[in-house]
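Asker: Structure provided below as structure tokens; questions to follow.
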Amino acid sequence: MKNEVLFDLTYGMYAIGVKDENKVSACIVNTVVQVTNTPNMIAVSMNHGNYSHECIASSGMFTVSVLSEDTSGAAIGALGFTSGRDTDKLVNVQHKVLAEGVPVIKENICCWFLCRVVNHVETPTHTVFIAEITAGSDEAKGRPMTYDYYHKVIKGRAPKNAPTYQEQQPTDDRNDGESWICTVCGYVYNDPDVSFEELPEDWVCPICGMPKSAFKRQ
């Protein structure tokens, strides 16, 4: 079987809120599924190397914020392409901290859930946390963002720790060397009408918010 077949599986976009003894943080995942409804339980896949993995394993608690198509690429980039170990990922992201001490994202999300881990399954690279939903939104708003929408409309890419990561293949964009790639999130700028040099100095990456200096010619 070719791995490309798996690309046809459907995925969503979710922000996982976590806490440690001193601070709160969050990350982006695309693998959250409901596994039972009596009680309501979900499964979340998290890479062993993620700081959020450490927090969930330690506290046994996390939140899920379901991102909508109106959630900004900058918010996704801030949560998805840096580590919470040495960065305050939420400093520029709207959020609230629940009484239980874990954060919920407020960047045009559809809904949120507070989850308590009840079991886990290990794989060579990821832990699948199985958790019971203990609280959450009374209603959902907006249209949930799919992984397909994130890739095709927002033009976002998956970090290397994501189970759906695909190594970027060189392509002939017929743009005569005018493609520039963000070294943080992998977003490619190749507008045939406005060259990278013509962009204003305060222009930032639409995915992760990094400045022009973070880009290199592809």
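To be explicit about the labels: the chains of the structure tokens are called A, B, and onward in the order shown, and within each one the residues are counted from 1, while ligands get numbers from 1 in the order they are shown.
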Can you tell me, as number ranges by chain, which residues in range 11-186 of chain A count as helix (DSSP H, G or I) by DSSP?
Answerer: A: 51-59, 73-80, 147-152
Asker: Hey, can you spit out that residue selection with C-alpha atoms as a PDB file, in the first residue's frame?
Answerer:
```pdb
ATOM      1  CA  TYR A  51       5.414  19.592  25.281  1.00  0.00           C
ATOM      2  CA  SER A  52       1.613  19.228  25.385  1.00  0.00           C
ATOM      3  CA  HIS A  53       2.109  15.450  25.632  1.00  0.00           C
ATOM      4  CA  GLU A  54       4.139  15.958  28.798  1.00  0.00           C
ATOM      5  CA  CYS A  55       1.471  18.231  30.268  1.00  0.00           C
ATOM      6  CA  ILE A  56      -1.401  15.840  29.550  1.00  0.00           C
ATOM      7  CA  ALA A  57       0.532  12.845  30.908  1.00  0.00           C
ATOM      8  CA  SER A  58       1.277  14.789  34.094  1.00  0.00           C
ATOM      9  CA  SER A  59      -2.057  16.529  34.757  1.00  0.00           C
ATOM     10  CA  GLY A  73      -4.021  31.372  10.167  1.00  0.00           C
ATOM     11  CA  ALA A  74      -1.895  33.491  12.506  1.00  0.00           C
ATOM     12  CA  ALA A  75      -3.494  31.866  15.566  1.00  0.00           C
ATOM     13  CA  ILE A  76      -2.956  28.405  14.091  1.00  0.00           C
ATOM     14  CA  GLY A  77       0.663  29.243  13.315  1.00  0.00           C
ATOM     15  CA  ALA A  78       1.303  30.577  16.821  1.00  0.00           C
ATOM     16  CA  LEU A  79       0.022  27.365  18.397  1.00  0.00           C
ATOM     17  CA  GLY A  80       1.258  24.879  15.829  1.00  0.00           C
ATOM     18  CA  TYR A 147      -7.665  19.664   7.406  1.00  0.00           C
ATOM     19  CA  ASP A 148      -8.413  19.846   3.688  1.00  0.00           C
ATOM     20  CA  TYR A 149      -9.621  23.442   4.100  1.00  0.00           C
ATOM     21  CA  TYR A 150      -6.490  24.306   6.086  1.00  0.00           C
ATOM     22  CA  HIS A 151      -4.256  23.005   3.307  1.00  0.00           C
ATOM     23  CA  LYS A 152      -6.155  24.179   0.240  1.00  0.00           C
TER      24      LYS A 152
END
```
Asker: Can you pull out the residues contacting range 188-192 of chain A? Cut-off 7 Å, using only C-alpha atoms, and skip same-chain residues under 2 positions away; I want them as JSON, numbers by chain.
Answerer: {"A": [175, 178, 179, 180, 181, 182, 186, 194, 195]}
Asker: In Å, with one decimal, what is the gap from CA of Ser137 in chain A to CA of Val24 in chain A?
Answerer: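 According to the coordinates, CA of Ser137 in chain A and CA of Val24 in chain A are separated by 20.2 Å.
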Asker: What does the structure give for the distance between CA of Val44 in chain A and CA of Val18 in chain A, in Å to one decimal?
Answerer: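 Here the two named atoms are 12.9 Å from each other.
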Asker: Mind pulling up the distance from CA of Ile105 in chain A to CA of Asp88 in chain A?
Answerer: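 The value is 14.0 Å.
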Asker: Nearest residue to Val32 in chain A out of A:Thr146, A:Ala99, A:Asn92, A:Asn3, using only C-alpha atoms?
Answerer: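 Distance minimum relative to Val32 in chain A lands on A:Thr146.
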